[in-house]
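Working notes for the structure below.
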Amino acid sequence: MGMKLSLTGVSTAIALLLSNQAFAQTAEVMHYWTSGSEAAAIKVIADDVAKKGGTWKDSPVTGYEAARAAVLSRLAGGDAPTSMVVDLGEIKPLVEQGVLAPIDNIASTKGWQTFLPKLVVDKASVDGHLYAVPIDIGTANWMWYSTKVLDDVGVKPPATWDEFFAAADKIKAKGYIPLAFGGQAWQEALVFRSIMIATGGNKFYTDVYTKHDVDAAGGPLMVKSFETFGKLRGYVDDGNTNRNWNDATNMVITGKAAMQIMGDWAKGEFQAAKMTPGKEYGCELAPGTNGVLNIVSDTFVFPVGDKPEQVAARKLLVDVMIDPETQVAFNSIKGALPPRLDVNLKDADICTQKAAGLLKDPNALAPNAELSFSSETVGAIKDLVTQFWSNPSMTPADAAKQYADIVARN
Amino acid sequence: MFKKNLAAKLTLVPSTVVIAVCFYGTILWTLYISLTHSTMLPNYKFYGFSQYATLLSMPRWHTAFANMLIFGSLFIAGSLVIGTTLAALLDRNVKAEGLFRVFFLYPLSMSFVVTGLAWQWLLNPTTGIEALVRSLGWQDFSFNWLASPEKAIYAVSIAAIWQSSGLVMAIMLAGLRGIDGDIWKAAKIDGIPVWRSYISIVLPMLRPLVLTCVILLATAVVKSYDLVVAMTGGGPGISTDVPGKFVVDLLFQRANISTAAAAAILMLVTVICALSPYVYIELKRQKR
């Protein structure tokens, strides 16, 4: 009896071993998620891959730019990893270079049009073929504020820019810095995009960013956006030059400054400071942008290659990455939204809840800069916005004209 | 003839090959890429000189290039004057010379990133010198160079001079120690003041060392990237951009490697143009 049992045990073990053998793919994944919460988030995927019998080979590179350089040199050198993280906006140029493999022949991606936002599907596809698994959706147009400072001054979180300036005057009079601001080009461009949405709504924003409408880009709404942006110079402190975003967030955390306009990644800083949303700090969409999400998305893409083990490893990764539970677990740690619309988010914090509802509305989604223009144009816009910010003698009309020139060149 | 020093020649082969391939080879590759239309990945189809036209039409390139000239001349002149002065002072048999030497050479042991961050804090109006002086009671005191697009490049130059003066000091001090004592005696007998002896007699004798310093400092100017990134990030606006940062941004952020290559080639050409007459004159003088 005992003998028989153990024999069954052995044969089960052998069977398991064999089946594991058949699926023991090694998947090398390049990414740039090295900070505490990011690393914990990617581990969710790695663990799920291991659970399904695959071997996860982690190849992190610190810093988005460095990771990108590493990815490009690996591709150029013909030594591509199984998968890598790129921005949603980079898929098309990569496909055009012929380095990515389509994944729509993998069963678990069937029906992705129904469970992913249309904007994301459109950007992840080229010529009707899907090339990427979106893993998170970040929102750039958030306003974070210190409840303590706003209560002390006696103002509510502003919902429009008019309300913002009225509140900011009072905050300034009380001796606080109204806006925590990091004077780096990408942060300035991020705030400016929020102001564009507030000034002309999602229509104006998408006219410029999606339709590349040169007249809109140089029109009165753009001039007004630059006027509002320029007014902010009076509500930041002198030390904003080259300040990192998290140092600016820290000014809100410590109660030196009242508000910051920054993407949802700022939430991680508040969490690390053991603060609770809705209590010590608050989150609202940036003034005037209620109902619109300015989104970015990280996606996993898969370099070409048709060796059987590579194809099998690719399939395993796609199955895991697109799994609803993996997506929820990953994003609850990383602080972003899961791209899948058919997931349960009732345990998420109030900031995530606020954004999650909007994600289902296609008209609420405003694609971020990298999703809309070539990196060259994105860079040129950043240069323009940062020059305008640092040079008060540049007029809004002149800045709008230059903006239109950049869009025309794209 | 060939067999003579065969071992020595063989030993040199690997490093020669490495230099030929990794150094000159990549320069040629960069030159070729600058003549193509490559964006994210290299595309080897010949495209002509249009990348150079694009580059010269970019205001940011002009700012970066002008900054290299401003920063370069201030940095080289400043480091040479301060470093040589320090060396001359130390050469006058001061007490605790070793301590001063370490003191002035110390900044050099730090990377430009550390220097940049430290000076960023010092010059940041809300955390550094301005805040300190104001907290002492002078409320009108203003020292916000880093926040001013016109002055920020001078702030960067100061930080770089602080870092590199010690290097010039060490090289020049070594040179001064090699000056024959008889020369000093002769100058003394002729009644020449000490400062005059330095400027008219000793420094001209140290010309080769000045050349060494200028070349070392000039390479630091061309390489300048880390200091600017750490200190200003190229800002405020694009006011402290330098060609090195411009090239890296174009390569890795803007996926525009052929324009970046064109910029790199122009940097190389500038360096050759700037240094070759000087090196030529100096080498010719030394031969005589």
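Note on naming: chains are A, B, ... as they come in the structure tokens, residues start from 1 per chain, ligands start from 1 in the order shown.
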
Every residue of segment 66-146 of chain B that DSSP places in alpha helix (DSSP H), as a PyMOL selection string: chain B and resi 66-90+97-105+112-123+129-135

Residues of chain A within 9 Å of chain B: nearest atom pair and distance (Å, one decimal) for each, counting only C-alpha atoms, sorted by chain and number, as CSV?
```
residue,atom,partner,partner_atom,distance
A:Glu65,CA,B:Phe252,CA,6.1
A:Ala66,CA,B:Phe252,CA,7.8
A:Arg68,CA,B:Phe252,CA,7.1
A:Ala69,CA,B:Phe252,CA,6.0
A:Leu72,CA,B:Leu41,CA,7.1
A:Ser73,CA,B:Leu41,CA,8.5
A:Leu75,CA,B:Leu41,CA,8.5
A:Ala76,CA,B:Leu41,CA,6.8
A:Pro93,CA,B:Met40,CA,7.9
A:Leu94,CA,B:Met40,CA,8.0
A:Gln97,CA,B:Leu41,CA,7.6
A:Gly183,CA,B:Pro236,CA,7.3
A:Gln184,CA,B:Gly233,CA,7.2
A:Ala185,CA,B:Gly237,CA,7.2
A:Asp237,CA,B:Thr126,CA,7.7
A:Asp238,CA,B:Pro125,CA,6.2
A:Gly239,CA,B:Thr126,CA,5.2
A:Asn240,CA,B:Ala147,CA,7.9
A:Thr241,CA,B:Ala147,CA,5.9
A:Asn242,CA,B:Thr232,CA,5.5
A:Arg243,CA,B:Thr232,CA,8.8
A:Ser374,CA,B:Arg254,CA,7.9
A:Ser375,CA,B:Arg254,CA,4.6
A:Glu376,CA,B:Arg254,CA,4.8
A:Thr377,CA,B:Arg254,CA,8.1
A:Val378,CA,B:Arg254,CA,7.8
A:Gly379,CA,B:Arg254,CA,6.3
A:Asp383,CA,B:Ile238,CA,6.8
A:Leu384,CA,B:Gly237,CA,8.2
A:Val385,CA,B:Gly237,CA,8.0
A:Thr386,CA,B:Gly237,CA,4.5
A:Gln387,CA,B:Gly237,CA,4.2
A:Phe388,CA,B:Gly237,CA,7.3
A:Trp389,CA,B:Gly237,CA,6.8
A:Ser390,CA,B:Gly237,CA,5.1
A:Asn391,CA,B:Pro149,CA,7.4
```

Residues as selected, N, CA, C and O atoms, written as a compact mmCIF listing (two decimals), in the first residue's frame, can you do that?
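Now in part.txt:
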```txt
# COMPACT_ATOMS: atom_id res chain seq x y z
N GLU A 65 15.99 56.63 -19.79
CA GLU A 65 16.87 56.92 -20.93
C GLU A 65 17.94 55.84 -21.07
O GLU A 65 18.25 55.39 -22.17
N ALA A 66 18.54 55.46 -19.93
CA ALA A 66 19.60 54.46 -19.98
C ALA A 66 19.04 53.12 -20.45
O ALA A 66 19.66 52.42 -21.26
N ARG A 68 16.49 52.68 -22.33
CA ARG A 68 16.20 52.82 -23.75
C ARG A 68 17.46 52.66 -24.59
O ARG A 68 17.47 51.98 -25.61
N ALA A 69 18.54 53.29 -24.13
CA ALA A 69 19.81 53.16 -24.84
C ALA A 69 20.26 51.71 -24.85
O ALA A 69 20.73 51.20 -25.87
N LEU A 72 18.10 49.72 -27.33
CA LEU A 72 18.41 50.01 -28.72
C LEU A 72 19.75 49.40 -29.12
O LEU A 72 19.89 48.88 -30.24
N SER A 73 20.72 49.41 -28.20
CA SER A 73 22.00 48.83 -28.61
C SER A 73 21.91 47.31 -28.67
O SER A 73 22.56 46.69 -29.51
N LEU A 75 19.21 45.70 -29.59
CA LEU A 75 18.52 45.45 -30.86
C LEU A 75 19.48 45.61 -32.03
O LEU A 75 19.54 44.76 -32.92
N ALA A 76 20.26 46.70 -31.99
CA ALA A 76 21.19 46.96 -33.08
C ALA A 76 22.23 45.86 -33.17
O ALA A 76 22.71 45.52 -34.25
N PRO A 93 7.12 53.48 -34.37
CA PRO A 93 8.46 53.58 -34.98
C PRO A 93 9.26 52.29 -34.88
O PRO A 93 9.99 51.95 -35.82
N LEU A 94 9.11 51.54 -33.78
CA LEU A 94 9.85 50.29 -33.66
C LEU A 94 9.37 49.26 -34.68
O LEU A 94 10.16 48.54 -35.29
N GLN A 97 10.71 49.96 -37.98
CA GLN A 97 12.11 49.52 -38.12
C GLN A 97 12.20 48.01 -38.29
O GLN A 97 13.29 47.46 -38.45
N GLY A 183 11.48 73.02 -11.97
CA GLY A 183 11.81 73.68 -13.23
C GLY A 183 12.67 72.82 -14.14
O GLY A 183 13.78 73.18 -14.49
N GLN A 184 12.19 71.64 -14.49
CA GLN A 184 12.85 70.81 -15.50
C GLN A 184 11.90 70.74 -16.69
O GLN A 184 10.69 70.72 -16.51
N ALA A 185 12.49 70.68 -17.89
CA ALA A 185 11.67 70.83 -19.10
C ALA A 185 10.47 69.87 -19.11
O ALA A 185 9.36 70.27 -19.45
N ASP A 237 8.47 79.26 -6.00
CA ASP A 237 9.61 79.86 -5.31
C ASP A 237 10.80 79.96 -6.27
O ASP A 237 10.82 79.34 -7.33
N ASP A 238 11.78 80.76 -5.85
CA ASP A 238 12.95 81.04 -6.69
C ASP A 238 13.80 79.81 -6.94
O ASP A 238 14.55 79.76 -7.90
N GLY A 239 13.70 78.82 -6.06
CA GLY A 239 14.60 77.67 -6.16
C GLY A 239 14.11 76.58 -7.08
O GLY A 239 14.58 75.45 -7.02
N ASN A 240 13.15 76.90 -7.96
CA ASN A 240 12.54 75.82 -8.77
C ASN A 240 13.45 75.30 -9.88
O ASN A 240 13.23 74.22 -10.39
N THR A 241 14.50 76.06 -10.22
CA THR A 241 15.37 75.65 -11.33
C THR A 241 15.91 74.24 -11.13
O THR A 241 16.52 73.96 -10.09
N ASN A 242 15.69 73.39 -12.12
CA ASN A 242 16.25 72.03 -12.12
C ASN A 242 15.87 71.22 -10.88
O ASN A 242 16.59 70.33 -10.47
N ARG A 243 14.73 71.54 -10.26
CA ARG A 243 14.32 70.76 -9.08
C ARG A 243 13.67 69.46 -9.55
O ARG A 243 12.86 69.46 -10.48
N SER A 374 6.40 62.58 -32.83
CA SER A 374 7.71 61.95 -32.86
C SER A 374 8.52 62.48 -31.68
O SER A 374 8.26 63.58 -31.17
N SER A 375 9.50 61.68 -31.23
CA SER A 375 10.28 62.14 -30.07
C SER A 375 10.98 63.45 -30.37
O SER A 375 11.19 64.27 -29.48
N GLU A 376 11.31 63.68 -31.64
CA GLU A 376 11.95 64.93 -32.03
C GLU A 376 11.02 66.11 -31.73
O GLU A 376 11.41 67.12 -31.16
N THR A 377 9.73 65.96 -32.11
CA THR A 377 8.76 67.04 -31.87
C THR A 377 8.50 67.21 -30.38
O THR A 377 8.41 68.33 -29.89
N VAL A 378 8.36 66.09 -29.67
CA VAL A 378 8.15 66.17 -28.23
C VAL A 378 9.28 66.98 -27.60
O VAL A 378 9.06 67.86 -26.77
N GLY A 379 10.52 66.69 -28.05
CA GLY A 379 11.67 67.40 -27.52
C GLY A 379 11.63 68.89 -27.86
O GLY A 379 11.92 69.74 -27.02
N ASP A 383 11.58 72.05 -25.33
CA ASP A 383 12.52 73.17 -25.41
C ASP A 383 11.77 74.51 -25.42
O ASP A 383 12.17 75.45 -24.74
N LEU A 384 10.68 74.55 -26.20
CA LEU A 384 9.93 75.80 -26.31
C LEU A 384 9.30 76.17 -24.96
O LEU A 384 9.42 77.30 -24.50
N VAL A 385 8.62 75.19 -24.33
CA VAL A 385 7.92 75.49 -23.09
C VAL A 385 8.90 75.91 -22.00
O VAL A 385 8.67 76.86 -21.25
N THR A 386 10.05 75.24 -21.94
CA THR A 386 11.01 75.59 -20.89
C THR A 386 11.66 76.95 -21.17
O THR A 386 11.94 77.71 -20.25
N GLN A 387 11.83 77.29 -22.44
CA GLN A 387 12.37 78.63 -22.75
C GLN A 387 11.37 79.70 -22.37
O GLN A 387 11.73 80.73 -21.82
N PHE A 388 10.09 79.42 -22.66
CA PHE A 388 9.06 80.40 -22.30
C PHE A 388 9.04 80.60 -20.79
O PHE A 388 8.98 81.72 -20.29
N TRP A 389 9.10 79.49 -20.05
CA TRP A 389 9.03 79.58 -18.59
C TRP A 389 10.18 80.41 -18.03
O TRP A 389 9.98 81.24 -17.14
N SER A 390 11.39 80.21 -18.56
CA SER A 390 12.54 80.86 -17.96
C SER A 390 12.76 82.26 -18.51
O SER A 390 13.60 82.99 -18.01
N ASN A 391 12.02 82.64 -19.52
CA ASN A 391 12.28 83.92 -20.16
C ASN A 391 10.99 84.74 -20.23
O ASN A 391 10.25 84.68 -21.21
```

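Residues within 12 Å of Ile33 of chain B, counting only C-alpha atoms and excluding same-chain residues fewer than 6 positions away, are Thr26, Ile27, Thr39, Met40, Leu41, Pro42, Asn43, Tyr44, Lys45, Phe46, Tyr47, Gly48, Phe49, Ser50, Gln51, Tyr52, Leu251, Asn256, Ile257, Ser258, Thr259, Ala260, Ala261, Ala262, Ala263, Ala264 and Ile265 of chain B.
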
What does the file look like for those residues with N, CA, C and O atoms, as a tab-separated table (two decimals), in the first residue's frame?
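Listed below is the output, result00.tsv:
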```
chain	number	residue	atom	x	y	z
B	26	THR	N	35.20	54.32	-34.50
B	26	THR	CA	33.89	54.87	-34.15
B	26	THR	C	33.76	56.31	-34.63
B	26	THR	O	32.65	56.75	-34.95
B	27	ILE	N	34.89	57.02	-34.71
B	27	ILE	CA	34.80	58.39	-35.26
B	27	ILE	C	34.33	58.31	-36.71
B	27	ILE	O	33.44	59.04	-37.14
B	39	THR	N	17.08	57.52	-37.52
B	39	THR	CA	16.32	58.08	-36.40
B	39	THR	C	16.60	57.29	-35.13
B	39	THR	O	17.44	57.65	-34.33
B	40	MET	N	15.88	56.16	-34.96
B	40	MET	CA	16.04	55.42	-33.73
B	40	MET	C	17.18	54.41	-33.82
B	40	MET	O	17.96	54.26	-32.90
B	41	LEU	N	17.26	53.75	-34.96
B	41	LEU	CA	18.33	52.80	-35.20
B	41	LEU	C	19.11	53.26	-36.44
B	41	LEU	O	18.57	53.99	-37.26
B	42	PRO	N	20.37	52.82	-36.56
B	42	PRO	CA	21.15	53.26	-37.72
B	42	PRO	C	20.56	52.78	-39.04
B	42	PRO	O	20.06	51.66	-39.14
B	43	ASN	N	20.59	53.66	-40.02
B	43	ASN	CA	20.12	53.32	-41.36
B	43	ASN	C	21.26	53.74	-42.28
B	43	ASN	O	21.66	54.89	-42.30
B	44	TYR	N	21.84	52.77	-42.99
B	44	TYR	CA	23.11	53.05	-43.65
B	44	TYR	C	22.99	53.63	-45.05
B	44	TYR	O	23.95	53.73	-45.78
B	45	LYS	N	21.78	54.03	-45.45
B	45	LYS	CA	21.63	54.61	-46.78
B	45	LYS	C	22.16	56.04	-46.78
B	45	LYS	O	21.80	56.85	-45.93
B	46	PHE	N	23.02	56.34	-47.75
B	46	PHE	CA	23.63	57.66	-47.80
B	46	PHE	C	22.57	58.73	-48.07
B	46	PHE	O	21.68	58.54	-48.90
B	47	TYR	N	22.65	59.84	-47.36
B	47	TYR	CA	21.58	60.83	-47.43
B	47	TYR	C	22.11	62.23	-47.68
B	47	TYR	O	21.35	63.15	-47.92
B	48	GLY	N	23.42	62.42	-47.59
B	48	GLY	CA	23.97	63.75	-47.85
B	48	GLY	C	24.12	64.58	-46.58
B	48	GLY	O	24.07	64.06	-45.48
B	49	PHE	N	24.25	65.89	-46.80
B	49	PHE	CA	24.64	66.77	-45.70
B	49	PHE	C	23.45	67.43	-45.00
B	49	PHE	O	23.63	68.38	-44.26
B	50	SER	N	22.23	66.92	-45.25
B	50	SER	CA	21.07	67.66	-44.74
B	50	SER	C	21.02	67.69	-43.21
B	50	SER	O	20.44	68.59	-42.63
B	51	GLN	N	21.64	66.69	-42.54
B	51	GLN	CA	21.62	66.72	-41.07
B	51	GLN	C	22.35	67.95	-40.55
B	51	GLN	O	21.97	68.51	-39.52
B	52	TYR	N	23.41	68.36	-41.26
B	52	TYR	CA	24.15	69.54	-40.82
B	52	TYR	C	23.31	70.80	-41.01
B	52	TYR	O	23.35	71.70	-40.18
B	251	LEU	N	20.47	61.75	-29.03
B	251	LEU	CA	20.68	60.31	-29.21
B	251	LEU	C	19.62	59.50	-28.49
B	251	LEU	O	19.02	58.59	-29.05
B	256	ASN	N	17.22	60.55	-32.57
B	256	ASN	CA	17.64	61.28	-33.76
B	256	ASN	C	19.14	61.13	-33.91
B	256	ASN	O	19.89	62.08	-33.78
B	257	ILE	N	19.59	59.89	-34.18
B	257	ILE	CA	21.03	59.67	-34.06
B	257	ILE	C	21.83	60.32	-35.16
B	257	ILE	O	22.97	60.66	-34.95
B	258	SER	N	21.23	60.55	-36.35
B	258	SER	CA	22.08	61.15	-37.38
B	258	SER	C	22.34	62.62	-37.10
B	258	SER	O	23.45	63.10	-37.34
B	259	THR	N	21.34	63.36	-36.58
B	259	THR	CA	21.61	64.76	-36.23
B	259	THR	C	22.57	64.81	-35.05
B	259	THR	O	23.46	65.68	-35.00
B	260	ALA	N	22.41	63.87	-34.11
B	260	ALA	CA	23.34	63.82	-32.98
B	260	ALA	C	24.76	63.56	-33.47
B	260	ALA	O	25.71	64.19	-33.00
B	261	ALA	N	24.89	62.67	-34.46
B	261	ALA	CA	26.22	62.38	-35.00
B	261	ALA	C	26.80	63.62	-35.67
B	261	ALA	O	27.98	63.92	-35.52
B	262	ALA	N	25.94	64.35	-36.39
B	262	ALA	CA	26.42	65.58	-37.04
B	262	ALA	C	26.94	66.56	-35.99
B	262	ALA	O	27.99	67.18	-36.17
B	263	ALA	N	26.20	66.67	-34.87
B	263	ALA	CA	26.63	67.58	-33.81
B	263	ALA	C	27.96	67.12	-33.22
B	263	ALA	O	28.85	67.93	-32.95
B	264	ALA	N	28.11	65.80	-33.04
B	264	ALA	CA	29.35	65.28	-32.49
B	264	ALA	C	30.53	65.57	-33.41
B	264	ALA	O	31.62	65.95	-32.96
B	265	ILE	N	30.29	65.43	-34.72
B	265	ILE	CA	31.36	65.71	-35.68
B	265	ILE	C	31.75	67.19	-35.63
B	265	ILE	O	32.92	67.55	-35.63
```

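Proximity ranking of A:Phe115, A:Tyr64, A:Trp33, A:Phe204 relative to Asp323 of chain A places A:Phe115 first, based on only C-alpha atoms.
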
Give me the residues near segment 40-50 of chain A as a PyMOL selection string, where near means some atom within 8 Å (using only C-alpha atoms) and where sequence neighbours in that chain fewer than 2 positions away do not count. chain A and resi 33+36-38+52-56+316-317+320-321+326+329-331+333-334

Would you save the residues from that selection as a compact mmCIF listing (two decimals), in the first residue's frame, using N, CA, C and O atoms?
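That gives us out32.txt:
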```txt
# COMPACT_ATOMS: atom_id res chain seq x y z
N TRP A 33 12.31 49.47 -14.15
CA TRP A 33 11.62 49.62 -12.87
C TRP A 33 12.49 49.16 -11.72
O TRP A 33 12.46 48.00 -11.34
N GLY A 36 11.85 51.18 -5.32
CA GLY A 36 11.24 50.21 -4.41
C GLY A 36 9.90 49.67 -4.88
O GLY A 36 9.74 48.46 -5.07
N SER A 37 8.93 50.57 -5.10
CA SER A 37 7.60 50.09 -5.45
C SER A 37 7.58 49.50 -6.86
O SER A 37 6.87 48.54 -7.14
N GLU A 38 8.38 50.09 -7.75
CA GLU A 38 8.41 49.58 -9.13
C GLU A 38 8.97 48.15 -9.17
O GLU A 38 8.43 47.28 -9.85
N LYS A 52 3.87 29.60 -13.53
CA LYS A 52 3.45 28.86 -14.72
C LYS A 52 4.60 28.07 -15.32
O LYS A 52 4.51 27.62 -16.46
N GLY A 53 5.71 27.98 -14.59
CA GLY A 53 6.78 27.10 -15.03
C GLY A 53 7.85 27.75 -15.87
O GLY A 53 8.75 27.08 -16.36
N GLY A 54 7.77 29.03 -16.07
CA GLY A 54 8.79 29.70 -16.87
C GLY A 54 9.91 30.20 -15.98
O GLY A 54 9.80 30.22 -14.76
N THR A 55 11.01 30.60 -16.60
CA THR A 55 12.11 31.19 -15.85
C THR A 55 12.22 32.65 -16.24
O THR A 55 12.36 32.98 -17.42
N TRP A 56 12.11 33.50 -15.27
CA TRP A 56 12.17 34.94 -15.50
C TRP A 56 13.60 35.40 -15.35
O TRP A 56 14.21 35.23 -14.31
N LEU A 316 4.11 32.65 -23.19
CA LEU A 316 3.95 32.57 -21.74
C LEU A 316 3.89 33.98 -21.13
O LEU A 316 3.02 34.28 -20.30
N LEU A 317 4.79 34.86 -21.56
CA LEU A 317 4.81 36.23 -21.03
C LEU A 317 3.50 36.95 -21.33
O LEU A 317 2.91 37.59 -20.46
N VAL A 320 0.66 35.78 -19.13
CA VAL A 320 0.75 36.28 -17.75
C VAL A 320 0.44 37.77 -17.70
O VAL A 320 -0.33 38.24 -16.87
N MET A 321 1.04 38.53 -18.63
CA MET A 321 0.95 39.99 -18.55
C MET A 321 -0.45 40.52 -18.80
O MET A 321 -0.84 41.57 -18.29
N THR A 326 -3.07 39.65 -12.65
CA THR A 326 -1.71 40.19 -12.68
C THR A 326 -1.75 41.70 -12.87
O THR A 326 -1.04 42.45 -12.20
N ALA A 329 -2.84 43.39 -9.60
CA ALA A 329 -1.82 43.30 -8.56
C ALA A 329 -0.63 44.20 -8.89
O ALA A 329 -0.11 44.92 -8.02
N PHE A 330 -0.21 44.18 -10.15
CA PHE A 330 0.92 45.01 -10.58
C PHE A 330 0.64 46.49 -10.31
O PHE A 330 1.45 47.21 -9.72
N ASN A 331 -0.55 46.93 -10.74
CA ASN A 331 -0.83 48.36 -10.65
C ASN A 331 -1.17 48.84 -9.26
O ASN A 331 -0.99 50.01 -8.94
N ILE A 333 0.43 48.05 -6.74
CA ILE A 333 1.73 48.37 -6.14
C ILE A 333 2.34 49.58 -6.83
O ILE A 333 2.87 50.48 -6.19
N LYS A 334 2.24 49.65 -8.16
CA LYS A 334 2.92 50.73 -8.89
C LYS A 334 2.16 52.05 -8.79
O LYS A 334 2.74 53.11 -8.99
```
